[in-house]
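For reference, start.txt (compact mmCIF, C-alpha atoms):
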# COMPACT_ATOMS: atom_id res chain seq x y z
CA MET A 1 15.63 9.89 -19.14
CA SER A 2 13.56 7.25 -17.51
CA SER A 3 11.55 4.96 -19.70
CA GLY A 4 8.84 4.63 -17.14
CA TYR A 5 7.81 2.67 -14.09
CA TYR A 6 6.34 -0.72 -13.39
CA PRO A 7 2.56 -0.53 -13.49
CA ARG A 8 1.03 -0.11 -10.08
CA ASP A 9 -0.66 -3.28 -8.82
CA LEU A 10 -3.91 -1.69 -7.70
CA ASP A 11 -4.94 -4.91 -5.92
CA LEU A 12 -2.23 -4.26 -3.36
CA HIS A 13 -3.65 -0.83 -2.59
CA PRO A 14 -6.96 0.01 -0.98
CA LYS A 15 -9.86 0.66 -3.33
CA ALA A 16 -11.19 4.22 -3.31
CA TYR A 17 -14.63 3.19 -2.05
CA THR A 18 -14.28 1.33 1.25
CA PRO A 19 -17.49 1.98 3.20
CA GLY A 20 -16.07 0.46 6.41
CA TYR A 21 -14.04 3.67 6.46
CA ARG A 22 -17.02 5.98 6.18
CA THR A 23 -15.31 9.13 4.96
CA THR A 24 -14.43 7.37 1.72
CA VAL A 25 -18.10 7.15 0.74
CA LEU A 26 -18.31 10.74 -0.51
CA ARG A 27 -14.65 11.10 -1.41
CA SER A 28 -14.15 8.12 -3.73
CA PRO A 29 -14.24 8.65 -7.49
CA GLN A 30 -16.86 6.35 -9.00
CA LYS A 31 -15.69 6.26 -12.58
CA ALA A 32 -12.78 4.14 -13.73
CA LEU A 33 -9.29 5.57 -13.55
CA ILE A 34 -7.89 6.38 -16.98
CA GLY A 35 -5.02 4.04 -17.76
CA PHE A 36 -2.04 5.95 -19.05
CA ASP A 37 1.52 4.85 -19.61
CA GLY A 38 2.84 8.14 -18.28
CA SER A 39 5.10 10.75 -19.77
CA ILE A 40 8.03 12.94 -18.82
CA THR A 41 5.59 14.67 -16.43
CA GLU A 42 5.10 11.52 -14.34
CA PHE A 43 8.67 10.26 -14.84
CA THR A 44 10.13 13.35 -13.16
CA GLY A 45 9.51 14.74 -9.71
CA PRO A 46 10.78 17.21 -7.14
CA THR A 47 14.12 16.54 -5.50
CA PHE A 48 15.47 18.05 -2.32
CA GLY A 49 18.99 18.68 -1.17
CA HIS A 50 20.35 17.36 2.11
CA ASN A 51 20.62 21.02 3.14
CA THR A 52 16.80 21.04 3.25
CA ILE A 53 17.04 19.06 6.46
CA GLY A 54 17.76 20.71 9.81
CA GLU A 55 19.90 19.10 12.48
CA PHE A 56 16.99 17.87 14.60
CA ASP A 57 14.42 17.28 11.87
CA ASN A 58 14.77 13.52 12.35
CA ASN A 59 14.39 13.66 16.11
CA LEU A 60 10.80 14.14 17.25
CA ILE A 61 11.87 13.56 20.85
CA VAL A 62 13.57 16.94 20.93
CA ASN A 63 12.64 18.92 17.80
CA TYR A 64 9.70 20.68 19.48
CA ALA A 65 10.94 20.43 23.07
CA LYS A 66 12.15 23.23 25.28
CA PRO A 67 15.92 23.26 25.75
CA GLY A 68 16.97 20.44 28.03
CA GLU A 69 13.55 18.77 27.92
CA SER A 70 12.13 15.99 25.78
CA ALA A 71 8.85 14.44 24.73
CA ILE A 72 7.05 12.03 27.05
CA GLY A 73 6.74 8.41 25.97
CA GLU A 74 8.58 5.27 25.01
CA ARG A 75 11.73 6.29 23.20
CA ILE A 76 12.16 4.49 19.87
CA MET A 77 14.31 4.63 16.78
CA VAL A 78 12.58 3.83 13.48
CA HIS A 79 14.80 2.83 10.60
CA GLY A 80 14.86 1.00 7.31
CA TYR A 81 15.43 1.36 3.60
CA VAL A 82 13.48 2.98 0.79
CA LEU A 83 13.80 0.53 -2.10
CA ASP A 84 12.14 0.02 -5.44
CA GLU A 85 10.46 -3.20 -6.55
CA GLU A 86 13.79 -4.60 -7.73
CA ALA A 87 15.28 -3.91 -4.26
CA ARG A 88 17.39 -1.07 -5.65
CA PRO A 89 17.98 1.77 -3.18
CA VAL A 90 15.97 4.97 -3.69
CA ARG A 91 18.70 7.39 -2.73
CA ASN A 92 18.55 11.00 -1.60
CA THR A 93 14.81 11.07 -1.38
CA LEU A 94 12.75 13.00 1.13
CA VAL A 95 10.86 11.02 3.76
CA GLU A 96 8.38 12.92 5.95
CA PHE A 97 6.59 11.51 8.99
CA TRP A 98 3.97 12.64 11.47
CA GLN A 99 2.16 11.10 14.41
CA ALA A 100 0.12 11.49 17.58
CA ASN A 101 1.84 11.88 20.95
CA ALA A 102 2.26 9.09 23.52
CA GLY A 103 -1.32 9.57 24.71
CA GLY A 104 -2.76 9.36 21.19
CA ARG A 105 -3.37 13.11 20.68
CA TYR A 106 -2.30 15.18 17.68
CA ARG A 107 -1.17 18.75 18.00
CA HIS A 108 -4.06 20.03 15.88
CA LYS A 109 -7.01 22.23 16.75
CA LYS A 110 -9.43 19.67 15.34
CA ASP A 111 -8.17 16.90 17.63
CA THR A 112 -10.18 17.19 20.83
CA TYR A 113 -9.37 13.80 22.34
CA LEU A 114 -9.19 13.69 26.16
CA ALA A 115 -5.50 12.76 26.22
CA PRO A 116 -3.40 15.83 26.95
CA LEU A 117 -1.04 17.56 24.57
CA ASP A 118 2.61 17.12 25.42
CA PRO A 119 4.16 20.61 25.51
CA ASN A 120 7.41 19.09 24.26
CA PHE A 121 6.02 17.16 21.31
CA GLY A 122 5.12 18.64 17.92
CA GLY A 123 4.67 15.42 15.98
CA CYS A 124 6.49 16.02 12.69
CA GLY A 125 9.86 15.03 11.31
CA ARG A 126 11.70 14.42 8.07
CA THR A 127 14.93 13.04 6.71
CA MET A 128 16.65 12.16 3.44
CA THR A 129 17.68 8.65 2.49
CA ARG A 130 21.39 7.93 2.13
CA ASP A 131 23.01 6.56 -1.02
CA ASP A 132 21.97 3.06 0.01
CA GLY A 133 18.34 4.12 0.63
CA TYR A 134 18.71 4.01 4.42
CA PHE A 135 16.77 6.34 6.70
CA GLN A 136 16.50 6.65 10.46
CA PHE A 137 14.64 8.81 12.95
CA PHE A 138 14.00 9.09 16.65
CA THR A 139 10.61 9.51 18.24
CA ILE A 140 8.30 8.30 20.96
CA ARG A 141 5.88 5.47 20.34
CA PRO A 142 2.53 7.07 19.49
CA GLY A 143 -0.57 6.09 21.44
CA ALA A 144 -3.69 4.42 20.04
CA TYR A 145 -6.73 6.69 19.91
CA PRO A 146 -10.46 6.58 19.25
CA TRP A 147 -11.85 8.19 16.10
CA PRO A 148 -15.31 8.97 14.81
CA ASN A 149 -16.27 6.25 12.35
CA GLY A 150 -18.13 3.31 13.85
CA LYS A 151 -19.37 3.51 17.42
CA ASN A 152 -16.10 2.38 18.96
CA ASP A 153 -13.26 2.46 16.47
CA TRP A 154 -9.66 2.88 17.60
CA ARG A 155 -6.62 3.45 15.45
CA PRO A 156 -3.69 1.18 16.21
CA ALA A 157 -0.52 3.06 17.10
CA HIS A 158 0.84 4.34 13.79
CA ILE A 159 3.20 6.76 12.11
CA HIS A 160 2.27 8.45 8.82
CA PHE A 161 4.87 8.50 6.03
CA SER A 162 5.16 10.60 2.88
CA VAL A 163 7.79 9.54 0.33
CA PHE A 164 8.74 11.14 -2.99
CA GLY A 165 11.05 8.79 -4.85
CA THR A 166 12.70 10.04 -8.01
CA ALA A 167 9.52 10.62 -10.00
CA PHE A 168 5.95 11.55 -9.31
CA ALA A 169 4.99 8.05 -10.49
CA GLN A 170 6.52 6.79 -7.23
CA ARG A 171 4.82 9.30 -4.90
CA LEU A 172 3.34 7.53 -1.90
CA ILE A 173 1.69 8.30 1.42
CA THR A 174 1.23 5.43 3.84
CA GLN A 175 1.24 4.44 7.51
CA MET A 176 3.50 2.28 9.63
CA TYR A 177 2.10 0.00 12.35
CA PHE A 178 3.80 -1.75 15.24
CA GLU A 179 4.29 -5.50 15.43
CA GLY A 180 1.99 -7.21 17.92
CA ASP A 181 -0.66 -4.49 18.16
CA PRO A 182 -4.08 -6.21 18.39
CA ASN A 183 -5.80 -3.08 17.05
CA ILE A 184 -4.23 -3.58 13.61
CA ALA A 185 -6.53 -6.46 12.72
CA ILE A 186 -9.72 -4.59 13.67
CA CYS A 187 -8.97 -1.15 12.25
CA PRO A 188 -11.28 -0.05 9.41
CA ILE A 189 -8.51 2.05 7.83
CA VAL A 190 -5.98 -0.80 7.91
CA ASN A 191 -8.67 -3.08 6.51
CA THR A 192 -9.18 -0.91 3.45
CA ILE A 193 -6.22 -3.06 2.33
CA THR A 194 -7.56 -6.52 1.52
CA ASP A 195 -4.20 -8.23 0.94
CA LYS A 196 -3.02 -9.47 4.36
CA SER A 197 0.61 -9.66 3.25
CA ALA A 198 0.43 -6.00 2.21
CA ILE A 199 -0.75 -5.12 5.73
CA ASP A 200 2.06 -7.21 7.15
CA ARG A 201 4.58 -5.21 5.11
CA LEU A 202 3.28 -1.99 6.70
CA THR A 203 3.94 -3.49 10.14
CA ALA A 204 7.33 -2.56 11.62
CA ARG A 205 9.29 -5.25 13.42
CA LEU A 206 10.83 -4.86 16.83
CA ASP A 207 14.57 -4.84 16.14
CA MET A 208 16.51 -5.73 19.27
CA HIS A 209 19.77 -5.92 17.30
CA ASN A 210 19.68 -2.21 16.66
CA SER A 211 18.12 -1.18 19.95
CA ARG A 212 20.36 0.93 22.17
CA PRO A 213 20.71 -0.63 25.65
CA HIS A 214 19.22 1.44 28.49
CA ASP A 215 18.08 4.05 25.96
CA MET A 216 15.69 3.12 23.16
CA ARG A 217 14.28 0.21 21.21
CA ALA A 218 14.48 0.08 17.44
CA TYR A 219 11.76 -0.73 14.90
CA ARG A 220 12.58 -1.79 11.38
CA PHE A 221 10.39 -0.54 8.54
CA ASP A 222 11.22 -0.76 4.83
CA ILE A 223 9.30 1.17 2.19
CA VAL A 224 9.01 -0.11 -1.38
CA LEU A 225 8.26 2.24 -4.27
CA ARG A 226 7.45 1.31 -7.85
CA GLY A 227 10.26 -0.14 -9.91
CA LYS A 228 11.86 1.72 -12.76
CA ARG A 229 11.55 0.08 -16.14
CA SER A 230 14.73 -0.86 -17.95
CA THR A 231 15.74 1.37 -20.81
CA MET A 232 15.29 -0.27 -24.21
CA PHE A 233 18.58 -0.35 -26.11
CA GLU A 234 16.89 -0.92 -29.37
CA ASN A 235 18.70 -0.63 -32.68
CA ARG A 236 16.42 0.89 -35.25
CA LYS A 237 16.75 1.09 -38.98
CA GLU A 238 16.94 4.59 -40.34
CA GLY A 239 13.59 6.12 -41.01
CA ASN A 240 11.89 4.03 -38.35
CA MET B 1 5.12 -18.48 -14.12
CA PRO B 2 5.67 -14.92 -15.33
CA TYR B 3 8.52 -12.97 -13.83
CA ALA B 4 7.69 -11.21 -10.57
CA PRO B 5 9.78 -8.33 -9.23
CA LYS B 6 11.81 -8.98 -6.10
CA LEU B 7 9.60 -6.81 -3.88
CA GLN B 8 6.04 -5.52 -3.91
CA GLU B 9 5.16 -1.86 -3.60
CA SER B 10 4.15 -0.68 -0.14
CA ALA B 11 0.40 -0.24 0.09
CA SER B 12 -1.01 3.26 0.35
CA GLN B 13 -2.94 4.44 3.39
CA THR B 14 -4.94 7.62 3.76
CA ALA B 15 -3.00 10.76 4.67
CA GLY B 16 -5.65 11.30 7.34
CA PRO B 17 -7.04 14.53 8.77
CA TYR B 18 -3.71 15.73 10.10
CA VAL B 19 -1.55 15.52 6.97
CA HIS B 20 -0.65 19.17 7.44
CA ILE B 21 1.17 18.37 10.70
CA GLY B 22 3.65 16.32 8.73
CA CYS B 23 3.84 18.17 5.45
CA MET B 24 3.14 21.82 6.24
CA PRO B 25 3.36 22.15 10.03
CA ASN B 26 3.68 25.94 10.08
CA THR B 27 0.20 26.25 8.57
CA VAL B 28 -1.32 24.42 11.56
CA GLY B 29 0.55 26.39 14.18
CA ILE B 30 3.52 24.07 14.71
CA HIS B 31 6.33 26.57 14.56
CA GLY B 32 10.00 26.24 15.30
CA VAL B 33 10.55 22.79 13.83
CA TYR B 34 10.95 23.78 10.16
CA ASP B 35 11.93 27.28 9.02
CA HIS B 36 9.41 27.12 6.23
CA ASP B 37 7.01 24.61 4.74
CA LEU B 38 8.27 22.87 1.60
CA GLY B 39 6.40 23.65 -1.58
CA HIS B 40 4.90 26.89 -0.30
CA GLU B 41 6.92 28.99 -2.77
CA MET B 42 7.35 27.80 -6.34
CA ILE B 43 8.93 31.01 -7.64
CA THR B 44 12.24 31.64 -5.90
CA GLY B 45 13.59 34.54 -7.94
CA ASP B 46 13.32 36.10 -11.35
CA ALA B 47 11.55 33.16 -12.99
CA GLN B 48 10.92 33.22 -16.72
CA GLY B 49 7.45 33.22 -18.18
CA GLU B 50 4.04 34.52 -17.28
CA ARG B 51 3.16 34.72 -13.60
CA ILE B 52 -0.20 33.15 -13.01
CA LYS B 53 -2.37 32.20 -10.10
CA LEU B 54 -3.92 28.75 -10.19
CA GLU B 55 -7.00 28.38 -8.01
CA ALA B 56 -8.63 25.01 -7.47
CA ILE B 57 -11.51 23.72 -5.36
CA VAL B 58 -12.04 20.03 -4.64
CA TYR B 59 -15.67 18.98 -4.09
CA ASP B 60 -16.89 15.79 -2.46
CA GLY B 61 -19.97 13.85 -3.55
CA SER B 62 -22.28 16.18 -1.61
CA GLY B 63 -20.87 19.26 -3.33
CA THR B 64 -18.96 20.34 -0.23
CA PRO B 65 -15.42 21.66 -0.72
CA LEU B 66 -12.69 19.58 0.93
CA LYS B 67 -11.00 21.87 3.41
CA ASP B 68 -8.80 19.25 5.04
CA ALA B 69 -7.08 18.06 1.85
CA MET B 70 -3.52 18.66 0.75
CA VAL B 71 -2.92 19.33 -2.92
CA GLU B 72 0.43 19.10 -4.68
CA ILE B 73 1.19 20.21 -8.20
CA TRP B 74 4.12 19.38 -10.46
CA GLN B 75 4.77 21.20 -13.70
CA ALA B 76 7.34 22.21 -16.25
CA ASP B 77 8.88 25.67 -16.31
CA ALA B 78 7.98 28.29 -18.91
CA ASN B 79 10.23 26.52 -21.42
CA GLY B 80 8.64 23.13 -20.89
CA VAL B 81 11.48 21.67 -18.81
CA TYR B 82 11.11 19.85 -15.48
CA ASN B 83 13.29 20.72 -12.50
CA SER B 84 14.42 17.12 -12.11
CA PRO B 85 17.58 15.15 -12.84
CA GLU B 86 15.32 12.69 -14.65
CA ASP B 87 14.56 15.37 -17.24
CA GLY B 88 18.22 16.04 -17.84
CA ARG B 89 17.81 19.45 -19.48
CA PRO B 90 18.66 22.61 -17.54
CA SER B 91 15.50 24.11 -16.04
CA ASP B 92 14.78 27.62 -14.80
CA PRO B 93 16.89 28.05 -11.64
CA HIS B 94 14.28 30.37 -10.14
CA PHE B 95 11.39 27.96 -10.42
CA THR B 96 10.92 24.78 -8.40
CA GLY B 97 8.10 23.25 -10.46
CA TRP B 98 6.55 21.75 -7.31
CA GLY B 99 3.90 23.28 -5.09
CA ARG B 100 2.03 22.07 -2.04
CA GLN B 101 -0.93 23.88 -0.51
CA HIS B 102 -3.77 23.58 1.97
CA ALA B 103 -7.27 24.90 1.37
CA ASP B 104 -8.39 28.34 2.45
CA HIS B 105 -10.28 27.82 5.72
CA ASP B 106 -13.34 29.75 4.52
CA THR B 107 -13.60 29.08 0.80
CA GLY B 108 -11.81 25.77 0.32
CA VAL B 109 -9.72 27.30 -2.49
CA PHE B 110 -6.18 26.01 -3.08
CA THR B 111 -4.05 28.81 -4.52
CA PHE B 112 -0.74 28.30 -6.31
CA GLU B 113 1.38 31.28 -7.33
CA THR B 114 3.26 29.89 -10.28
CA VAL B 115 4.27 30.48 -13.88
CA LYS B 116 2.37 29.16 -16.83
CA PRO B 117 4.13 26.00 -17.96
CA GLY B 118 5.41 25.77 -21.51
CA ALA B 119 4.42 23.03 -23.90
CA VAL B 120 6.49 19.95 -23.08
CA THR B 121 8.39 18.36 -25.94
CA TYR B 122 10.35 15.28 -25.06
CA ASN B 123 11.57 12.44 -27.25
CA GLY B 124 9.64 13.91 -30.15
CA VAL B 125 6.31 14.00 -28.33
CA THR B 126 4.71 17.36 -27.56
CA GLN B 127 2.21 17.80 -24.75
CA ALA B 128 0.09 20.92 -24.29
CA PRO B 129 0.93 23.07 -21.25
CA HIS B 130 -0.38 21.22 -18.22
CA VAL B 131 0.01 20.68 -14.50
CA LEU B 132 -0.01 17.33 -12.68
CA VAL B 133 -2.25 17.48 -9.60
CA TRP B 134 -2.09 15.06 -6.68
CA ILE B 135 -4.77 15.11 -3.97
CA THR B 136 -4.55 13.47 -0.57
CA ALA B 137 -6.93 13.75 2.37
CA ARG B 138 -8.87 11.91 5.01
CA GLY B 139 -11.17 9.53 3.14
CA ILE B 140 -8.82 9.25 0.14
CA ASN B 141 -7.08 5.88 0.37
CA LEU B 142 -4.66 6.34 -2.53
CA GLY B 143 -3.55 9.79 -3.69
CA LEU B 144 -5.67 10.95 -6.63
CA ALA B 145 -3.81 12.07 -9.75
CA THR B 146 -5.31 14.37 -12.34
CA ARG B 147 -4.12 17.11 -14.68
CA ILE B 148 -5.00 20.72 -15.30
CA TYR B 149 -4.85 22.11 -18.83
CA PHE B 150 -5.56 25.72 -19.86
CA ASP B 151 -8.62 26.96 -21.76
CA ASP B 152 -6.63 29.47 -23.84
CA GLU B 153 -4.55 26.67 -25.41
CA THR B 154 -7.24 25.32 -27.71
CA GLU B 155 -4.92 24.17 -30.50
CA ALA B 156 -2.30 22.66 -28.24
CA ASN B 157 -4.99 20.88 -26.22
CA ALA B 158 -6.51 19.43 -29.39
CA ALA B 159 -3.12 17.89 -30.26
CA ASP B 160 -2.25 16.72 -26.74
CA PRO B 161 -1.59 12.96 -26.60
CA PHE B 162 -3.12 12.50 -23.13
CA LEU B 163 -6.32 14.42 -23.88
CA SER B 164 -6.59 12.74 -27.27
CA ARG B 165 -6.71 9.26 -25.84
CA ILE B 166 -9.68 10.01 -23.58
CA GLU B 167 -12.57 8.26 -25.28
CA LEU B 168 -15.38 10.05 -23.51
CA LYS B 169 -14.85 13.53 -24.93
CA VAL B 170 -17.66 14.80 -22.73
CA ARG B 171 -15.30 14.36 -19.77
CA VAL B 172 -12.37 16.33 -21.22
CA PRO B 173 -13.60 19.73 -19.94
CA SER B 174 -13.14 18.35 -16.39
CA LEU B 175 -9.41 18.83 -16.97
CA ILE B 176 -9.43 22.37 -18.33
CA ALA B 177 -9.05 25.47 -16.14
CA LYS B 178 -10.70 28.73 -17.10
CA ARG B 179 -8.76 31.91 -17.46
CA ASP B 180 -9.83 35.14 -15.76
CA GLY B 181 -7.09 37.77 -16.07
CA ASN B 182 -3.93 36.24 -14.64
CA THR B 183 -5.88 33.67 -12.70
CA TYR B 184 -6.93 30.23 -13.86
CA ARG B 185 -9.81 28.71 -11.94
CA HIS B 186 -10.47 25.00 -11.78
CA GLU B 187 -13.02 22.77 -10.10
CA ILE B 188 -12.29 19.17 -9.21
CA TYR B 189 -15.26 16.88 -8.52
CA LEU B 190 -14.56 13.61 -6.75
CA GLN B 191 -17.99 12.23 -7.71
CA GLY B 192 -21.13 13.00 -9.69
CA ASP B 193 -22.04 13.91 -13.25
CA ASN B 194 -19.03 16.18 -13.55
CA GLU B 195 -16.60 13.79 -11.91
CA THR B 196 -13.07 14.83 -12.79
CA ILE B 197 -10.86 12.46 -14.74
CA PHE B 198 -8.34 10.77 -12.47
CA PHE B 199 -5.64 8.60 -13.87
CA ASP B 200 -3.62 5.60 -12.87
CA LEU B 201 -0.31 7.31 -12.15
Could the structure of this file be written out as structure tokens, please?
Amino acid sequence: MSSGYYPRDLDLHPKAYTPGYRTTVLRSPQKALIGFDGSITEFTGPTFGHNTIGEFDNNLIVNYAKPGESAIGERIMVHGYVLDEEARPVRNTLVEFWQANAGGRYRHKKDTYLAPLDPNFGGCGRTMTRDDGYFQFFTIRPGAYPWPNGKNDWRPAHIHFSVFGTAFAQRLITQMYFEGDPNIAICPIVNTITDKSAIDRLTARLDMHNSRPHDMRAYRFDIVLRGKRSTMFENRKEGN
Amino acid sequence: MPYAPKLQESASQTAGPYVHIGCMPNTVGIHGVYDHDLGHEMITGDAQGERIKLEAIVYDGSGTPLKDAMVEIWQADANGVYNSPEDGRPSDPHFTGWGRQHADHDTGVFTFETVKPGAVTYNGVTQAPHVLVWITARGINLGLATRIYFDDETEANAADPFLSRIELKVRVPSLIAKRDGNTYRHEIYLQGDNETIFFDL
């Protein structure tokens, strides 16, 4: 059994109340979080078999497309490793992702942006990490889009990620941005994170080494989950 | 300088308004990609224990139910064992322990068809029956973790190590669901006088 996880450094994460992102104003708890070392409840979590994953689950270019067709947009491969804070691989864990289409529109009835839906793009995918923590998926580069917050706020191109890890203590939802996008620096959601290096670590790097010539470019994105504490091999006197 | 781990945890970002596209696409009309949405069914066969329905509503600071949130729960089986290799004990093969739901479009109620968890005894520590709850939504920057306990477990709740360490006893009822037949109802308040206890996972 696990003896727990490294405490979460809450300064790396956004605070709950970040009024620049207006929706947080009424959705942010105002009382202090209760500190708690955790228990077997938090040190366990759901696991999924590789048979959970369908053949095209990691290919958003085709997984919603009609036979023989594919999604419109810049073809990319996103890949990297899920690691813990000690750079150990988080193996066989489920990674889910979702995104807007190339024009910046989500396939959702509440998204009424002018950009058209792509009949061949659904916007969701998932995969499991390998034994070394590696994951990979194929998609189109999502578009930037305007959103109701300030008078003229635009989200940088981004892909949402949901990761489980081996215990609920590691559960994380985050977003991946693309290197060089000038909208990153001026996005109120990105800027809920005050640590610039933490924003930088959510920014995928163009990876020409793993790009496929005449086909698709690659982006490298690693995800780090909380580290697992070492087990104490403590000899105890009887009765203690 | 104190030891620093090799890497730093990735920062959280909001799940946004379209979390269901990624995590439960069939519920928002995206069909044909996944056969079924993960976490929709927690009971996969003849699970042991009492079948219960857990109904929760999440209110924002204006008292409005969050209808665009996604709620996950994680709990032990009827014998108090988690369906996880990290637990190490054999758990009920017909119970996943993990549920994921969206809110009802009209009422904002999240409904989980589950079994009542057993008391959890591990390494000599016993916890009252409880459910870990994790809430993500637009406007929530880091997933919110809380617990649900059960109002018909008075003695076990009184001895529970997590509830016992909460200094402000007046806040403890914010973690306890109320039984009505086979249904437990629970209200989660993100803000206000009745703000629910959230903990640092």
Could you give me, as a PDB file with C-alpha atoms, in the frame of the given file, the residues within 7 Å of B:Gly49, counting only C-alpha atoms and dropping anything in the same chain fewer than 3 positions from it?
ATOM      1  CA  ALA B  78       7.980  28.290 -18.910  1.00  0.00           C
ATOM      2  CA  VAL B 115       4.270  30.480 -13.880  1.00  0.00           C
ATOM      3  CA  LYS B 116       2.370  29.160 -16.830  1.00  0.00           C
TER       4      LYS B 116
END
> Which residues come within 8 Å of stretch 92-103 of chain A, counting all atoms listed in the file, excluding same-chain residues fewer than 2 positions away, as a PyMOL selection string?
Replying inline: (chain A and resi 47-50+72-74+90+105-107+115-118+121+123-131+133+140-145+158-166) or (chain B and resi 19+21-23)
How close does chain A get to chain B? List, as a tab-separated table, each residue of chain A within 6 Å, its nearest atom pair and the distance in Å to one decimal, counting all atoms listed in the file.
residue	atom	partner	partner_atom	distance
A:Met1	CA	B:Glu86	CA	5.3
A:Leu12	CA	B:Ala11	CA	5.9
A:His13	CA	B:Ala11	CA	4.9
A:Ala16	CA	B:Asn141	CA	5.8
A:Thr23	CA	B:Gly139	CA	4.5
A:Thr24	CA	B:Gly139	CA	4.2
A:Leu26	CA	B:Gly61	CA	4.7
A:Arg27	CA	B:Asp60	CA	5.3
A:Pro29	CA	B:Leu190	CA	5.0
A:Leu33	CA	B:Phe199	CA	4.8
A:Ile34	CA	B:Phe199	CA	4.4
A:Gly35	CA	B:Asp200	CA	5.3
A:Thr44	CA	B:Glu86	CA	5.4
A:Gly45	CA	B:Ser84	CA	6.0
A:Asn63	CA	B:Val33	CA	5.9
A:Glu85	CA	B:Leu7	CA	4.6
A:Glu86	CA	B:Lys6	CA	5.1
A:Phe97	CA	B:Gly22	CA	5.6
A:Trp98	CA	B:Gly22	CA	4.6
A:Cys124	CA	B:Gly22	CA	4.9
A:Ala169	CA	B:Leu201	CA	5.6
A:Ile173	CA	B:Ser12	CA	5.8
A:Thr174	CA	B:Gln13	CA	4.3
A:Gln175	CA	B:Gln13	CA	5.9
A:Ile223	CA	B:Ser10	CA	5.9
A:Val224	CA	B:Glu9	CA	4.8
A:Leu225	CA	B:Glu9	CA	5.2
A:Arg226	CA	B:Glu9	CA	5.8
>> as a ChimeraX atom specification, please: the residues near B:Ile176 (cut-off 10 Å, only C-alpha atoms, same-chain neighbours under 4 positions excluded).
In response: /B:130,147-153,157,172,184-187
> For B:Pro117, which residue out of B:Arg51, B:Pro173, B:Gln101, B:Asp77 is the nearest one, using all atoms listed in the file?
Replying inline: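 Nearest candidate to B:Pro117 out of B:Arg51, B:Pro173, B:Gln101, B:Asp77: B:Asp77.
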